[in-house]
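So this block is target.cif, mmCIF, C-alpha atoms:
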```cif
data_my_file
#
loop_
_atom_site.label_atom_id
_atom_site.label_comp_id
_atom_site.auth_asym_id
_atom_site.auth_seq_id
_atom_site.Cartn_x
_atom_site.Cartn_y
_atom_site.Cartn_z
CA MET A 102 105.47 171.89 196.89
CA GLY A 103 103.78 169.55 194.47
CA LEU A 104 100.49 170.14 192.75
CA ASP A 105 96.95 170.84 193.95
CA ILE A 106 94.00 170.55 191.58
CA ASN A 107 90.46 171.71 192.36
CA VAL A 108 87.49 171.58 189.99
CA ARG A 109 84.49 173.90 190.21
CA ASP A 110 81.64 175.16 188.02
CA ASP A 111 81.43 178.71 186.74
CA ASP A 112 78.91 180.02 184.22
CA GLY A 113 78.59 176.74 182.31
CA TRP A 114 82.32 176.03 182.39
CA ARG A 115 84.27 173.49 184.41
CA ILE A 116 87.16 175.36 185.95
CA ILE A 117 90.24 173.32 186.80
CA GLU A 118 92.28 175.29 189.31
CA VAL A 119 95.98 174.47 189.29
CA GLN A 120 98.14 175.39 192.29
CA GLY A 121 101.84 174.59 192.49
CA GLU A 122 104.31 173.01 190.09
CA VAL A 123 103.53 171.12 186.88
CA ASP A 124 106.46 168.92 185.88
CA LEU A 125 107.16 165.37 184.67
CA ASN A 126 106.05 164.06 188.06
CA SER A 127 102.77 165.96 188.38
CA SER A 128 101.60 166.49 184.78
CA PRO A 129 99.87 163.06 184.58
CA GLU A 130 97.55 164.21 187.39
CA LEU A 131 96.73 167.41 185.51
CA ARG A 132 96.25 165.45 182.30
CA ALA A 133 93.77 163.10 184.00
CA ALA A 134 91.77 166.04 185.41
CA ILE A 135 91.64 167.87 182.05
CA MET A 136 90.85 164.82 179.91
CA LYS A 137 88.06 163.68 182.25
CA GLU A 138 86.19 166.96 181.70
CA VAL A 139 87.06 167.37 178.02
CA GLU A 140 85.98 163.82 177.18
CA ALA A 141 82.66 164.47 178.97
CA ASN A 142 82.18 167.28 176.41
CA ARG A 143 82.33 170.01 179.02
CA LYS A 144 83.75 173.44 178.36
CA VAL A 145 86.99 173.56 180.28
CA GLY A 146 88.87 176.53 181.69
CA VAL A 147 92.25 175.76 183.23
CA ASP A 148 92.95 178.39 185.89
CA LEU A 149 96.74 178.73 185.93
CA SER A 150 97.03 181.82 188.12
CA GLY A 151 98.53 179.70 190.90
CA ALA A 152 100.83 177.58 188.73
CA ARG A 153 104.28 178.59 189.93
CA TYR A 154 106.10 176.36 187.46
CA MET A 155 105.35 174.50 184.23
CA ASP A 156 107.61 172.38 182.02
CA SER A 157 107.16 170.97 178.49
CA SER A 158 105.15 168.01 179.80
CA GLY A 159 102.66 170.53 181.23
CA VAL A 160 102.58 172.40 177.90
CA ALA A 161 101.98 169.11 176.06
CA THR A 162 99.12 168.36 178.48
CA LEU A 163 97.47 171.72 177.70
CA VAL A 164 97.94 171.16 173.97
CA GLU A 165 96.32 167.73 174.21
CA GLY A 166 93.34 169.18 176.08
CA PHE A 167 93.01 171.96 173.51
CA LYS A 168 93.14 169.50 170.60
CA THR A 169 90.62 167.12 172.16
CA ALA A 170 88.12 169.77 173.31
CA ALA A 171 85.33 171.13 171.16
CA LYS A 172 86.05 174.37 169.30
CA ASP A 173 85.81 177.34 171.70
CA GLY A 174 85.52 174.89 174.57
CA PHE A 175 89.00 175.14 176.06
CA ALA A 176 90.54 178.21 177.64
CA LEU A 177 93.46 179.13 179.87
CA ILE A 178 92.39 181.41 182.72
CA ARG A 179 94.87 184.00 184.03
CA PRO A 180 98.09 182.08 183.39
CA SER A 181 100.92 183.01 185.76
CA ASN A 182 104.12 184.64 184.49
CA ALA A 183 105.88 181.26 184.67
CA VAL A 184 103.23 179.65 182.46
CA MET A 185 103.20 182.54 179.96
CA ARG A 186 106.99 182.35 179.69
CA VAL A 187 107.10 178.63 178.87
CA LEU A 188 104.28 179.10 176.33
CA GLN A 189 106.22 181.96 174.70
CA LEU A 190 109.47 179.98 174.65
CA SER A 191 107.48 177.08 173.12
CA ARG A 192 106.03 179.51 170.50
CA LEU A 193 102.57 178.32 171.51
CA ASP A 194 101.33 181.44 173.32
CA THR A 195 99.12 182.40 170.38
CA LEU A 196 97.58 178.93 170.09
CA PHE A 197 95.43 179.14 173.19
CA ASP A 198 92.32 181.08 174.11
CA ILE A 199 93.62 183.04 177.13
CA ARG A 200 91.05 184.82 179.33
CA ASP A 201 90.63 186.62 182.63
CA LYS A 202 87.46 184.69 183.38
CA PRO A 203 85.47 181.96 181.59
CA SER A 204 82.88 184.25 180.04
CA GLY A 205 83.96 187.28 178.12
CA GLY A 206 87.47 188.67 177.82
CA MET B 2 140.86 170.32 184.43
CA ASN B 3 138.49 172.80 185.95
CA ARG B 4 137.02 172.32 189.37
CA GLN B 5 133.49 170.94 189.47
CA ASP B 6 131.52 173.13 191.87
CA ILE B 7 128.71 170.62 192.44
CA VAL B 8 128.26 167.03 191.26
CA LEU B 9 124.85 165.49 191.87
CA GLU B 10 123.98 161.87 191.29
CA VAL B 11 120.20 161.67 190.95
CA ALA B 12 117.99 158.59 190.78
CA ALA B 13 115.80 158.46 187.66
CA ASP B 14 112.71 159.36 189.68
CA PRO B 15 110.51 162.29 188.55
CA ARG B 16 109.70 163.08 192.18
CA LEU B 17 113.28 164.31 192.63
CA LEU B 18 113.07 166.93 189.87
CA SER B 19 111.79 169.68 192.16
CA SER B 20 114.79 169.22 194.48
CA VAL B 21 117.21 169.46 191.55
CA ARG B 22 115.44 172.62 190.38
CA GLU B 23 115.84 174.24 193.80
CA LEU B 24 119.57 173.54 193.87
CA VAL B 25 120.13 174.80 190.31
CA ARG B 26 118.06 177.89 191.15
CA ALA B 27 120.27 178.66 194.15
CA TYR B 28 123.48 178.16 192.13
CA LEU B 29 122.37 180.44 189.27
CA SER B 30 121.00 183.10 191.63
CA ALA B 31 124.33 183.17 193.46
CA ALA B 32 126.07 183.57 190.08
CA GLY B 33 124.21 186.87 189.69
CA PHE B 34 121.53 186.14 187.10
CA PRO B 35 118.30 188.15 187.53
CA SER B 36 115.34 186.15 188.80
CA ASP B 37 113.40 186.16 185.49
CA ARG B 38 116.45 184.74 183.75
CA VAL B 39 117.01 182.19 186.53
CA ASP B 40 113.41 180.99 186.05
CA GLU B 41 113.91 180.16 182.38
CA LEU B 42 117.36 178.65 182.94
CA VAL B 43 115.95 176.36 185.65
CA LEU B 44 113.32 175.32 183.10
CA GLY B 45 116.06 174.44 180.59
CA VAL B 46 117.96 172.31 183.11
CA ASP B 47 114.72 170.62 184.19
CA GLU B 48 113.99 169.71 180.56
CA ALA B 49 117.43 168.11 180.25
CA CYS B 50 116.79 166.13 183.47
CA THR B 51 113.37 165.09 182.16
CA ASN B 52 114.97 163.80 178.96
CA ALA B 53 117.60 161.93 181.00
CA ILE B 54 114.83 160.20 182.97
CA ARG B 55 112.68 159.51 179.89
CA HIS B 56 115.32 158.39 177.43
CA GLY B 57 118.57 157.97 179.33
CA CYS B 58 117.40 155.61 182.03
CA VAL B 59 114.91 153.39 180.30
CA GLY B 60 112.65 151.83 182.86
CA GLN B 61 115.33 151.00 185.37
CA SER B 62 114.52 152.60 188.68
CA GLU B 63 118.02 152.01 190.02
CA ASP B 64 119.41 154.07 187.15
CA THR B 65 120.88 157.45 187.93
CA PHE B 66 121.95 160.51 185.99
CA ARG B 67 124.53 163.11 186.92
CA VAL B 68 124.24 166.89 187.05
CA VAL B 69 127.54 168.79 187.16
CA LEU B 70 127.69 172.54 187.85
CA ARG B 71 130.90 174.48 187.26
CA THR B 72 132.27 177.90 186.44
CA VAL B 73 134.92 178.05 183.72
CA GLU B 74 136.39 181.54 183.24
CA ASP B 75 133.52 183.69 181.91
CA TRP B 76 131.12 180.79 181.55
CA ILE B 77 128.82 178.75 183.70
CA GLU B 78 128.46 175.18 182.51
CA ILE B 79 125.73 172.75 183.49
CA GLN B 80 126.36 169.21 182.31
CA LEU B 81 123.91 166.30 182.28
CA GLU B 82 125.17 162.76 181.88
CA ASP B 83 122.98 159.70 181.55
CA SER B 84 123.81 156.05 180.96
CA GLY B 85 121.09 155.21 178.44
CA GLU B 86 121.23 154.33 174.76
CA PRO B 87 123.25 156.92 172.85
CA VAL B 88 120.98 159.27 170.92
CA PRO B 89 122.41 160.18 167.48
CA ALA B 90 123.52 163.83 167.56
CA GLU B 91 121.44 164.67 164.48
CA VAL B 92 118.29 163.44 166.25
CA PHE B 93 119.04 165.78 169.17
CA GLU B 94 119.70 168.71 166.82
CA ARG B 95 116.56 168.08 164.81
CA ALA B 96 114.49 167.82 167.98
CA GLY B 97 115.69 171.30 168.91
CA ALA B 98 114.18 172.93 165.84
CA PRO B 99 111.44 175.38 166.80
CA PRO B 100 107.99 173.80 166.93
CA GLU B 101 105.57 175.08 164.31
CA HIS B 102 102.57 177.04 165.51
CA ASP B 103 100.73 173.92 164.55
CA ALA B 104 99.67 171.86 167.55
CA ASP B 105 99.33 168.75 165.38
CA ASN B 106 103.08 168.65 164.89
CA LEU B 107 103.98 169.08 168.53
CA ARG B 108 106.37 166.46 169.87
CA PRO B 109 106.69 166.69 173.66
CA GLY B 110 110.29 165.37 173.80
CA GLY B 111 111.30 167.68 170.98
CA LEU B 112 109.71 170.62 172.75
CA GLY B 113 112.00 170.03 175.74
CA VAL B 114 115.11 170.10 173.55
CA HIS B 115 113.83 173.24 171.83
CA LEU B 116 113.46 174.93 175.24
CA ILE B 117 117.05 173.97 176.18
CA HIS B 118 118.38 175.57 172.97
CA GLU B 119 116.14 178.60 173.51
CA VAL B 120 117.36 179.55 176.99
CA PHE B 121 121.09 178.69 176.97
CA ASP B 122 123.82 180.59 175.12
CA GLU B 123 125.47 177.39 173.86
CA VAL B 124 124.46 173.73 173.94
CA GLU B 125 126.81 170.82 173.19
CA PHE B 126 125.46 167.32 172.83
CA CYS B 127 127.82 164.34 172.91
CA PRO B 128 126.43 160.82 172.71
CA GLY B 129 128.77 158.14 174.06
CA LEU B 130 130.31 155.57 171.71
CA THR B 131 128.62 152.59 173.35
CA GLU B 132 126.42 154.01 176.06
CA GLY B 133 125.32 157.23 177.66
CA ASN B 134 124.65 160.78 176.55
CA CYS B 135 126.11 164.04 177.72
CA VAL B 136 124.66 167.49 177.17
CA THR B 137 126.56 170.60 178.25
CA MET B 138 124.57 173.81 178.58
CA LYS B 139 126.66 177.00 178.71
CA LEU B 140 125.97 180.52 179.89
CA LYS B 141 127.98 183.71 179.75
CA ARG B 142 128.31 184.90 183.34
CA PRO B 143 126.75 188.26 184.22
CA ARG B 144 129.53 190.79 183.64
CA ARG B 145 129.53 192.27 187.13
CA ASN B 146 130.02 188.85 188.72
CA ARG B 147 133.07 187.85 186.68
CA GLU B 148 136.35 187.83 188.53
#
```
What is this structure when it is put down as structure tokens?
Amino acid sequence: MGLDINVRDDDGWRIIEVQGEVDLNSSPELRAAIMKEVEANRKVGVDLSGARYMDSSGVATLVEGFKTAAKDGFALIRPSNAVMRVLQLSRLDTLFDIRDKPSGG
Amino acid sequence: MNRQDIVLEVAADPRLLSSVRELVRAYLSAAGFPSDRVDELVLGVDEACTNAIRHGCVGQSEDTFRVVLRTVEDWIEIQLEDSGEPVPAEVFERAGAPPEHDADNLRPGGLGVHLIHEVFDEVEFCPGLTEGNCVTMKLKRPRRNRE
């Protein structure tokens, strides 16, 4: 249970790997990890393939990262079904740059 | 008066949300909802709990909120009760309006209320006269599981 966050480099991007559940309790940790990289002007990919759960506080965290990052410098990598569903229900699924890997499609 | 199946009194501590989600998941799965549907319903209940912690129990760690689960004829009802400042009903309704595709207008609290309206068949919000709020989220039971 809970949340695990790992950060690695890939092809000029900082990849923030999210494993576990993002909710009111854990989203501040995700927010801190995202904002640290975004505010250092790095290109950030948030790998959400292992995010089993995400609530509106997680969605708000992703939106804040997207808004703060440079244009074309913030992507969601392979979001899980749970993440895609909450983005769809939030009508924000078309807002984000969603990719299979940082470079290319 | 209908029987309450489960009444939970939960401290206003975000660390407890995952436990509440697991219990709600088990209750809705047993009621016969398919797993994809259970996932989004659990999200809706979690959003209501999050709002109870954020707005209903302002900064008092000894505060609690209640989650009541019951089956009433063809409906499943999940009720959240907090003891915070009553929120005017029109504020709750307005918060539930769909967010624009415009990230600049995103309000995190409002997004939670929108998600609750999105996943449940009916939502009733009743602020108390002097204190507390109550939101009842209703679901038609899957046909094959009705008695």
Need to verify the contact set: A:Leu163, 9 Å, only C-alpha atoms, exclusion of same-chain residues closer than 5 positions in sequence. Can you return it as a list in words?
Leu131, Arg132, Ile135, Val147, Ser158, Lys168, Leu177 and Phe197 of chain A
Writer output for current selection, C-alpha atoms, as a PDB file, keeping the file's coordinate frame:
```pdb
ATOM      1  CA  LEU A 131      96.730 167.410 185.510  1.00  0.00           C
ATOM      2  CA  ARG A 132      96.250 165.450 182.300  1.00  0.00           C
ATOM      3  CA  ILE A 135      91.640 167.870 182.050  1.00  0.00           C
ATOM      4  CA  VAL A 147      92.250 175.760 183.230  1.00  0.00           C
ATOM      5  CA  SER A 158     105.150 168.010 179.800  1.00  0.00           C
ATOM      6  CA  LYS A 168      93.140 169.500 170.600  1.00  0.00           C
ATOM      7  CA  LEU A 177      93.460 179.130 179.870  1.00  0.00           C
ATOM      8  CA  PHE A 197      95.430 179.140 173.190  1.00  0.00           C
TER       9      PHE A 197
END
```
* To do: Would you mind listing what lies within 9 Å of stretch 140-146 of chain A as a list in words, with all atoms listed in the file counted and same-chain residues fewer than 6 positions away left out?
  =>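 Residues near the query, excluding close chain neighbours: Gly113, Trp114, Arg115, Ile116, Ile117, Glu118, Gly166, Thr169, Ala170, Ala171, Asp173, Gly174, Phe175, Ala176, Leu177, Ile178, Arg200, Lys202 and Pro203 of chain A.
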Problem set entry | chain B contacts on chain A, all atoms listed in the file, 10 Å, as a ChimeraX atom specification | /A:102-103,122-127,154-162,164-165,167-168,182-183,186-187,190-196
**Message:** Could you list, as a list of chain:residue names, every residue matched by the PyMOL selection byres ((chain B and resi 131-136) around 9) in this structure?
**Reply:** B:Ala49, B:Ala53, B:Gly57, B:Ile79, B:Gln80, B:Leu81, B:Glu82, B:Asp83, B:Ser84, B:Gly85, B:Glu86, B:Pro87, B:Val88, B:Val124, B:Glu125, B:Phe126, B:Cys127, B:Pro128, B:Gly129, B:Leu130, B:Thr137, B:Met138
Save out the residues we just selected, C-alpha atoms, as a tab-separated table (two decimals), keeping the file's coordinate frame.
```tsv
chain	number	residue	atom	x	y	z
B	49	ALA	CA	117.43	168.11	180.25
B	53	ALA	CA	117.60	161.93	181.00
B	57	GLY	CA	118.57	157.97	179.33
B	79	ILE	CA	125.73	172.75	183.49
B	80	GLN	CA	126.36	169.21	182.31
B	81	LEU	CA	123.91	166.30	182.28
B	82	GLU	CA	125.17	162.76	181.88
B	83	ASP	CA	122.98	159.70	181.55
B	84	SER	CA	123.81	156.05	180.96
B	85	GLY	CA	121.09	155.21	178.44
B	86	GLU	CA	121.23	154.33	174.76
B	87	PRO	CA	123.25	156.92	172.85
B	88	VAL	CA	120.98	159.27	170.92
B	124	VAL	CA	124.46	173.73	173.94
B	125	GLU	CA	126.81	170.82	173.19
B	126	PHE	CA	125.46	167.32	172.83
B	127	CYS	CA	127.82	164.34	172.91
B	128	PRO	CA	126.43	160.82	172.71
B	129	GLY	CA	128.77	158.14	174.06
B	130	LEU	CA	130.31	155.57	171.71
B	137	THR	CA	126.56	170.60	178.25
B	138	MET	CA	124.57	173.81	178.58
```
- Query: Contacts of B:Ile7 at 9 Å or less, counting all atoms listed in the file, minus same-chain residues fewer than 2 places along, as a list in words?
  - Reply: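 In the requested format, the answer is Gln5, Leu9, Val68, Val69, Leu70 and Arg71 of chain B.
Between atom CA of A:Asp110 and atom CA of A:Val139 there is a distance of 13.8 Å.
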One residue among B:Glu78, B:Ala31, B:Arg67, B:Leu42 is nearest to B:Glu10 when using all atoms listed in the file, and that residue is B:Arg67
* May I have the protein, DNA and RNA residues with an atom at most 9 Å from (128.7, 187.8, 182.3), counting all atoms listed in the file in the file's coordinates, returned as a list in words? =>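 So the residues meeting the distance criterion are Gly33, Phe34, Asp75, Trp76, Leu140, Lys141, Arg142, Pro143, Arg144, Arg145, Asn146 and Arg147 of chain B.
Taking atom CA of A:Ile106 and atom CA of A:Arg153 as endpoints, the distance between them is 13.2 Å.
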Checklist line | Gap from atom CA of A:Leu149 to atom CA of B:His56 - Å, one decimal | finding: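 Answer for the atom CA of A:Leu149 to atom CA of B:His56 separation: 28.8 Å.
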Restricting to only C-alpha atoms, whichever of A:Asp148, A:Val184, A:Gln120, A:Arg179 is closest to A:Asp201 is A:Arg179
